[in-house]
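The file run_27.tsv comes next; it holds TSV, C-alpha atoms and all ligand atoms.
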```tsv
chain	number	residue	atom	x	y	z
A	5	MET	CA	-21.16	-138.33	-63.91
A	6	ASN	CA	-21.13	-142.08	-64.00
A	7	THR	CA	-20.38	-144.48	-66.78
A	8	ARG	CA	-21.75	-147.61	-65.13
A	9	PRO	CA	-24.06	-149.53	-67.44
A	10	GLY	CA	-26.19	-150.64	-64.47
A	11	LYS	CA	-27.43	-148.21	-61.85
A	12	PHE	CA	-27.12	-148.40	-58.07
A	13	ILE	CA	-30.49	-147.50	-56.55
A	14	THR	CA	-31.22	-147.26	-52.83
A	15	VAL	CA	-34.61	-147.19	-51.14
A	16	GLU	CA	-35.06	-145.44	-47.81
A	17	GLY	CA	-37.70	-144.49	-45.29
A	18	VAL	CA	-38.92	-144.89	-41.71
A	19	GLU	CA	-40.34	-148.28	-40.59
A	20	GLY	CA	-43.64	-149.25	-42.20
A	21	VAL	CA	-43.43	-147.09	-45.35
A	22	GLY	CA	-43.69	-150.17	-47.59
A	23	LYS	CA	-40.16	-150.52	-48.91
A	24	SER	CA	-40.32	-154.28	-49.58
A	25	THR	CA	-43.36	-154.25	-51.85
A	26	ASN	CA	-42.00	-151.36	-53.83
A	27	ILE	CA	-38.52	-152.83	-54.14
A	28	ASN	CA	-40.04	-155.98	-55.63
A	29	LEU	CA	-41.94	-153.85	-58.13
A	30	MET	CA	-38.75	-151.96	-59.04
A	31	ALA	CA	-36.86	-155.22	-59.60
A	32	LYS	CA	-39.61	-156.47	-61.90
A	33	LEU	CA	-39.58	-153.26	-63.95
A	34	ILE	CA	-35.80	-153.40	-64.31
A	35	ARG	CA	-35.92	-157.08	-65.38
A	36	ASP	CA	-38.77	-156.38	-67.81
A	37	ALA	CA	-36.52	-153.75	-69.42
A	38	GLY	CA	-33.97	-156.51	-70.07
A	39	HIS	CA	-31.45	-155.94	-67.27
A	40	GLU	CA	-30.11	-158.22	-64.58
A	41	VAL	CA	-30.80	-156.96	-61.09
A	42	LEU	CA	-29.30	-157.70	-57.70
A	43	LEU	CA	-31.58	-157.12	-54.71
A	44	THR	CA	-29.84	-156.61	-51.42
A	45	ARG	CA	-30.28	-154.92	-48.03
A	46	GLU	CA	-28.56	-153.13	-45.17
A	47	PRO	CA	-27.41	-153.75	-42.60
A	48	GLY	CA	-26.50	-157.08	-44.17
A	49	GLY	CA	-26.11	-158.31	-47.73
A	50	THR	CA	-22.97	-160.38	-47.09
A	51	ARG	CA	-22.30	-163.20	-44.64
A	52	LEU	CA	-20.25	-160.87	-42.45
A	53	GLY	CA	-22.82	-158.10	-42.80
A	54	GLU	CA	-25.68	-160.39	-41.77
A	55	ARG	CA	-23.75	-161.32	-38.63
A	56	VAL	CA	-23.22	-157.66	-37.82
A	57	ARG	CA	-26.94	-157.10	-38.47
A	58	GLN	CA	-27.83	-159.68	-35.81
A	59	ILE	CA	-25.84	-157.70	-33.25
A	60	LEU	CA	-27.36	-154.38	-34.37
A	61	LEU	CA	-30.97	-155.59	-34.14
A	62	ASP	CA	-30.56	-157.63	-30.95
A	63	LYS	CA	-32.61	-156.12	-28.11
A	64	ALA	CA	-30.20	-157.69	-25.62
A	65	GLU	CA	-27.57	-155.14	-26.80
A	66	ASP	CA	-29.24	-152.43	-24.74
A	67	THR	CA	-26.00	-150.66	-23.80
A	68	MET	CA	-24.74	-150.12	-27.36
A	69	SER	CA	-23.47	-146.57	-27.76
A	70	PRO	CA	-24.62	-144.49	-30.77
A	71	MET	CA	-21.03	-144.34	-32.07
A	72	THR	CA	-20.65	-148.12	-31.84
A	73	GLU	CA	-23.94	-148.48	-33.68
A	74	LEU	CA	-22.80	-146.11	-36.43
A	75	MET	CA	-19.43	-147.83	-36.84
A	76	LEU	CA	-21.05	-151.26	-37.03
A	77	MET	CA	-23.39	-149.94	-39.75
A	78	PHE	CA	-20.36	-148.76	-41.70
A	79	ALA	CA	-18.36	-151.94	-41.05
A	80	ALA	CA	-21.19	-153.95	-42.61
A	81	ARG	CA	-21.48	-151.38	-45.42
A	82	ALA	CA	-17.78	-151.36	-46.32
A	83	GLN	CA	-17.91	-155.14	-46.72
A	84	HIS	CA	-21.16	-154.98	-48.67
A	85	VAL	CA	-19.84	-152.43	-51.17
A	86	GLU	CA	-16.55	-154.26	-51.80
A	87	GLU	CA	-17.82	-157.83	-51.77
A	88	LEU	CA	-21.18	-157.49	-53.48
A	89	ILE	CA	-22.26	-154.10	-54.83
A	90	LYS	CA	-19.20	-152.96	-56.79
A	91	PRO	CA	-18.60	-156.38	-58.40
A	92	ALA	CA	-22.28	-156.58	-59.47
A	93	LEU	CA	-22.12	-153.10	-61.03
A	94	ALA	CA	-18.84	-153.98	-62.75
A	95	ASP	CA	-20.62	-157.03	-64.16
A	96	GLY	CA	-23.28	-154.75	-65.72
A	97	GLN	CA	-26.04	-155.55	-63.24
A	98	TRP	CA	-28.41	-153.06	-61.67
A	99	VAL	CA	-28.39	-153.07	-57.88
A	100	VAL	CA	-31.38	-152.19	-55.70
A	101	CYS	CA	-30.55	-151.89	-52.01
A	102	ASP	CA	-33.09	-151.77	-49.16
A	103	ARG	CA	-31.52	-148.96	-47.06
A	104	PHE	CA	-27.97	-147.56	-47.39
A	105	THR	CA	-25.97	-144.60	-46.02
A	106	ASP	CA	-29.00	-142.30	-45.88
A	107	SER	CA	-30.36	-144.54	-43.11
A	108	SER	CA	-27.19	-143.78	-41.13
A	109	TYR	CA	-27.76	-140.03	-41.61
A	110	ALA	CA	-31.39	-140.48	-40.54
A	111	TYR	CA	-31.14	-142.99	-37.66
A	112	GLN	CA	-27.68	-142.38	-36.20
A	113	GLY	CA	-27.17	-138.77	-37.36
A	114	GLY	CA	-30.75	-137.63	-36.67
A	115	GLY	CA	-32.40	-140.18	-34.38
A	116	ARG	CA	-29.39	-140.79	-32.13
A	117	GLY	CA	-28.19	-137.20	-32.47
A	118	LEU	CA	-24.67	-137.86	-33.78
A	119	GLY	CA	-25.14	-135.23	-36.48
A	120	ASP	CA	-24.48	-135.17	-40.22
A	121	GLU	CA	-20.80	-134.29	-40.01
A	122	THR	CA	-19.86	-137.39	-38.06
A	123	VAL	CA	-21.74	-139.60	-40.50
A	124	ALA	CA	-20.15	-137.78	-43.44
A	125	MET	CA	-16.66	-138.48	-42.06
A	126	LEU	CA	-17.32	-142.21	-41.88
A	127	GLU	CA	-18.96	-142.14	-45.29
A	128	THR	CA	-15.80	-140.70	-46.82
A	129	LEU	CA	-13.60	-143.12	-44.91
A	130	ALA	CA	-15.60	-146.24	-45.77
A	131	LEU	CA	-16.84	-145.41	-49.26
A	132	GLY	CA	-14.56	-142.74	-50.75
A	133	ASP	CA	-16.71	-141.04	-53.38
A	134	PHE	CA	-18.88	-144.09	-54.09
A	135	ARG	CA	-22.56	-143.04	-53.92
A	136	PRO	CA	-25.90	-144.36	-55.21
A	137	ASP	CA	-27.04	-143.11	-58.63
A	138	LEU	CA	-30.57	-142.71	-57.35
A	139	THR	CA	-32.17	-142.74	-53.88
A	140	LEU	CA	-35.91	-143.05	-53.31
A	141	ILE	CA	-37.12	-141.72	-49.99
A	142	LEU	CA	-40.53	-143.11	-49.14
A	143	ASP	CA	-42.26	-140.69	-46.82
A	144	LEU	CA	-45.19	-141.32	-44.52
A	145	ASP	CA	-46.30	-139.87	-41.21
A	146	VAL	CA	-44.66	-141.71	-38.35
A	147	ALA	CA	-47.81	-142.89	-36.55
A	148	THR	CA	-49.19	-144.57	-39.67
A	149	GLY	CA	-45.81	-146.16	-40.48
A	150	LEU	CA	-45.36	-147.55	-37.00
A	151	SER	CA	-48.85	-148.99	-36.87
A	152	ARG	CA	-48.16	-150.79	-40.18
A	153	ALA	CA	-44.71	-151.99	-39.06
A	154	THR	CA	-45.61	-153.35	-35.65
A	155	ALA	CA	-48.63	-155.23	-36.95
A	156	ASP	CA	-46.52	-158.26	-37.84
A	157	ALA	CA	-43.28	-159.41	-36.18
A	158	GLU	CA	-41.82	-158.86	-32.72
A	159	ALA	CA	-40.08	-155.49	-32.36
A	160	ASP	CA	-36.26	-155.41	-32.82
A	161	ARG	CA	-33.84	-152.96	-31.13
A	162	PHE	CA	-34.82	-150.09	-33.47
A	163	GLU	CA	-38.53	-150.83	-33.62
A	164	SER	CA	-38.60	-150.65	-29.81
A	165	GLU	CA	-37.75	-146.92	-29.93
A	166	GLU	CA	-40.25	-144.21	-28.98
A	167	ARG	CA	-42.21	-142.28	-31.56
A	168	ALA	CA	-40.09	-139.13	-30.92
A	169	PHE	CA	-37.04	-141.03	-32.20
A	170	PHE	CA	-38.78	-141.82	-35.49
A	171	GLU	CA	-39.95	-138.23	-35.87
A	172	LYS	CA	-36.27	-137.20	-35.81
A	173	VAL	CA	-35.46	-139.96	-38.30
A	174	ARG	CA	-38.21	-138.79	-40.66
A	175	THR	CA	-37.06	-135.17	-40.46
A	176	ALA	CA	-33.48	-136.21	-41.19
A	177	PHE	CA	-34.60	-138.18	-44.27
A	178	LEU	CA	-36.56	-135.17	-45.54
A	179	ASP	CA	-33.51	-132.94	-44.96
A	180	ARG	CA	-31.39	-135.24	-47.16
A	181	VAL	CA	-33.49	-134.44	-50.24
A	182	ALA	CA	-32.05	-130.93	-50.57
A	183	THR	CA	-28.42	-132.14	-50.39
A	184	SER	CA	-28.22	-133.79	-53.84
A	185	ASP	CA	-30.25	-134.19	-57.03
A	186	ARG	CA	-30.03	-137.97	-56.72
A	187	TYR	CA	-33.01	-138.02	-54.31
A	188	ARG	CA	-36.63	-138.60	-55.25
A	189	LEU	CA	-39.25	-138.12	-52.57
A	190	ILE	CA	-42.13	-140.58	-52.83
A	191	ASP	CA	-45.41	-139.87	-51.00
A	192	ALA	CA	-46.13	-143.23	-49.37
A	193	SER	CA	-49.37	-142.16	-47.68
A	194	GLY	CA	-51.70	-143.32	-50.45
A	195	ASN	CA	-52.91	-146.84	-51.10
A	196	MET	CA	-50.64	-149.43	-52.70
A	197	GLU	CA	-51.83	-148.65	-56.25
A	198	GLU	CA	-51.14	-144.93	-55.84
A	199	VAL	CA	-47.64	-145.48	-54.48
A	200	GLN	CA	-46.83	-148.07	-57.12
A	201	ALA	CA	-47.98	-145.66	-59.85
A	202	GLN	CA	-45.41	-143.10	-58.62
A	203	ILE	CA	-42.67	-145.75	-58.57
A	204	THR	CA	-43.58	-147.05	-62.03
A	205	SER	CA	-43.50	-143.60	-63.56
A	206	LEU	CA	-40.13	-142.81	-61.96
A	207	MET	CA	-38.59	-146.13	-63.01
A	208	THR	CA	-39.88	-145.74	-66.57
A	209	GLU	CA	-38.05	-142.40	-66.70
A	210	VAL	CA	-34.85	-143.88	-65.22
A	211	LEU	CA	-34.90	-146.93	-67.50
A	212	SER	CA	-35.40	-144.83	-70.63
A	213	LYS	CA	-32.16	-142.86	-70.06
A	301	LIG	P1	-35.02	-153.84	-40.96
A	301	LIG	O1	-35.75	-154.96	-40.34
A	301	LIG	O2	-34.36	-154.09	-42.28
A	301	LIG	O3	-35.98	-152.59	-41.04
A	301	LIG	P2	-37.01	-152.22	-42.16
A	301	LIG	O4	-37.80	-153.45	-42.47
A	301	LIG	O5	-37.80	-151.12	-41.53
A	301	LIG	O6	-36.16	-151.74	-43.31
A	301	LIG	O7	-33.98	-153.33	-39.88
A	301	LIG	C1	-33.02	-152.45	-40.17
A	301	LIG	C2	-33.00	-151.42	-39.08
A	301	LIG	O8	-31.71	-150.83	-39.07
A	301	LIG	C3	-34.01	-150.31	-39.30
A	301	LIG	O9	-34.72	-150.08	-38.10
A	301	LIG	C4	-33.16	-149.10	-39.60
A	301	LIG	C5	-31.82	-149.42	-39.02
A	301	LIG	N1	-30.67	-148.84	-39.73
A	301	LIG	C6	-29.96	-147.81	-39.14
A	301	LIG	O10	-30.30	-147.39	-38.03
A	301	LIG	N2	-28.87	-147.27	-39.79
A	301	LIG	C7	-28.45	-147.73	-41.00
A	301	LIG	O11	-27.46	-147.21	-41.57
A	301	LIG	C8	-29.19	-148.79	-41.60
A	301	LIG	C9	-28.77	-149.35	-42.94
A	301	LIG	C10	-30.30	-149.32	-40.94
```

Please go through the file and, once you have read it, give me the structure as structure tokens.
Ligand code: TYD
Amino acid sequence: MNTRPGKFITVEGVEGVGKSTNINLMAKLIRDAGHEVLLTREPGGTRLGERVRQILLDKAEDTMSPMTELMLMFAARAQHVEELIKPALADGQWVVCDRFTDSSYAYQGGGRGLGDETVAMLETLALGDFRPDLTLILDLDVATGLSRATADAEADRFESEERAFFEKVRTAFLDRVATSDRYRLIDASGNMEEVQAQITSLMTEVLSK
């Protein structure tokens, strides 16, 4: 399907599933295989995107409508893809992105209740047919994830949501898996070594292709 030398990989999951640690491991494995890798995140990744991120995470924005939230996610994403991701791929780099459009399906489509079709319309508008080559969905029960996530920093606008919101987000992520063969579901409930073993085996397979 794609002729890009480098692959575009996205990593998804509810708060506290351990994306950061695993993304760092993935980047190391890609580099060890002799490739250049760009690590980036959403919302954000560009100067404009990071400014939009500040608005999105700001607890003071307590009247933001779900549609505004979704459109801001896609505004940041459109910039990110054009300014950073596509040029890096064209340059032969691999790109690993901490969250991408599947977070919009999960948080705005599922959590906020906007539904898949609305998200899909914006996806087509903003991205055309540009999609990740591979998406890892790290899955963990919500209570465990939240207890890990809130252990450190002060809660942002999303982290301040109720548990029921994150249950909807988790369900929406799990529903994504059946929609394309680019998804790999990772059981993030084990200890760090167990999760990293799953990631290492998957990346070894991807890097050998
Ligand atoms: P971040 O601090 O990066 O969360 P985490 O460390 O859990 O990845 O904050 C990003 C927040 O934005 C996170 O709560 C999920 C949310 N989000 C959406 O709701 N929709 C989206 O499309 C994206 C990319 C993120």

Excluding A:Ala201 and residues on its chain fewer than 3 positions from it, collect all residues at most 12 Å away from it, counting only C-alpha atoms, and give them as an MDAnalysis selection string. chainID A and resid 26 29:30 190:192 194:198 204:208

So what do you get for atom CA of A:Thr122 versus atom CA of A:Lys172, distance-wise? 16.6 Å

Enumerate, in order of chain and increasing residue number, the residues of chain A with an atom no farther than 10 Å from ligand LIG 301 (chain A), each with its shortest atom pair and distance in Å to one decimal, counting all atoms listed in the file, as a tab-separated table.
```
residue	atom	partner	partner_atom	distance
A:Val15	CA	A:LIG301	O6	9.2
A:Glu16	CA	A:LIG301	O6	7.8
A:Gly17	CA	A:LIG301	O5	7.6
A:Val18	CA	A:LIG301	O5	6.3
A:Glu19	CA	A:LIG301	O5	3.9
A:Gly20	CA	A:LIG301	O5	6.2
A:Val21	CA	A:LIG301	O5	7.9
A:Gly22	CA	A:LIG301	O4	8.5
A:Lys23	CA	A:LIG301	O6	7.0
A:Ser24	CA	A:LIG301	O4	7.6
A:Arg45	CA	A:LIG301	O2	7.1
A:Glu46	CA	A:LIG301	C9	4.4
A:Pro47	CA	A:LIG301	C9	4.6
A:Gly48	CA	A:LIG301	C9	8.1
A:Arg57	CA	A:LIG301	C1	7.8
A:Gln58	CA	A:LIG301	O7	9.7
A:Leu60	CA	A:LIG301	O8	7.3
A:Leu61	CA	A:LIG301	C2	6.8
A:Pro70	CA	A:LIG301	O10	9.7
A:Glu73	CA	A:LIG301	O10	7.8
A:Leu74	CA	A:LIG301	O11	7.0
A:Met75	CA	A:LIG301	O11	9.3
A:Leu76	CA	A:LIG301	O11	8.8
A:Met77	CA	A:LIG301	O11	5.2
A:Phe78	CA	A:LIG301	O11	7.3
A:Ala80	CA	A:LIG301	C9	8.9
A:Arg81	CA	A:LIG301	C9	8.0
A:Cys101	CA	A:LIG301	C9	9.6
A:Asp102	CA	A:LIG301	O6	6.6
A:Arg103	CA	A:LIG301	C9	5.0
A:Phe104	CA	A:LIG301	C9	4.9
A:Thr105	CA	A:LIG301	O11	5.4
A:Asp106	CA	A:LIG301	O11	6.7
A:Ser107	CA	A:LIG301	O11	4.2
A:Ser108	CA	A:LIG301	O11	3.5
A:Tyr109	CA	A:LIG301	O11	7.2
A:Ala110	CA	A:LIG301	N2	7.3
A:Tyr111	CA	A:LIG301	O10	4.5
A:Gln112	CA	A:LIG301	O10	5.9
A:Gly113	CA	A:LIG301	N2	9.0
A:Gly114	CA	A:LIG301	O10	9.9
A:Gly115	CA	A:LIG301	O10	8.3
A:Arg116	CA	A:LIG301	O10	8.9
A:Val123	CA	A:LIG301	O11	9.6
A:Gly149	CA	A:LIG301	O5	9.5
A:Leu150	CA	A:LIG301	O5	9.5
A:Ala153	CA	A:LIG301	O5	7.4
A:Ala157	CA	A:LIG301	O1	9.7
A:Ala159	CA	A:LIG301	O1	9.1
A:Asp160	CA	A:LIG301	O1	7.6
A:Arg161	CA	A:LIG301	O9	7.6
A:Phe162	CA	A:LIG301	O9	4.6
A:Glu163	CA	A:LIG301	O9	5.9
A:Ser164	CA	A:LIG301	O9	9.2
A:Glu165	CA	A:LIG301	O9	9.3
A:Phe170	CA	A:LIG301	O9	9.6
A:Val173	CA	A:LIG301	O10	9.1
```

Take atom CA of A:Thr148 and atom CA of A:Lys63 and report the distance between them in Å, one decimal. 23.3 Å

When distances are computed from only C-alpha atoms, which of A:Gln202, A:Arg55, A:Thr139, A:Asp145 shows the smallest separation from A:Arg180?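 Smallest distance to A:Arg180 is found for A:Thr139.
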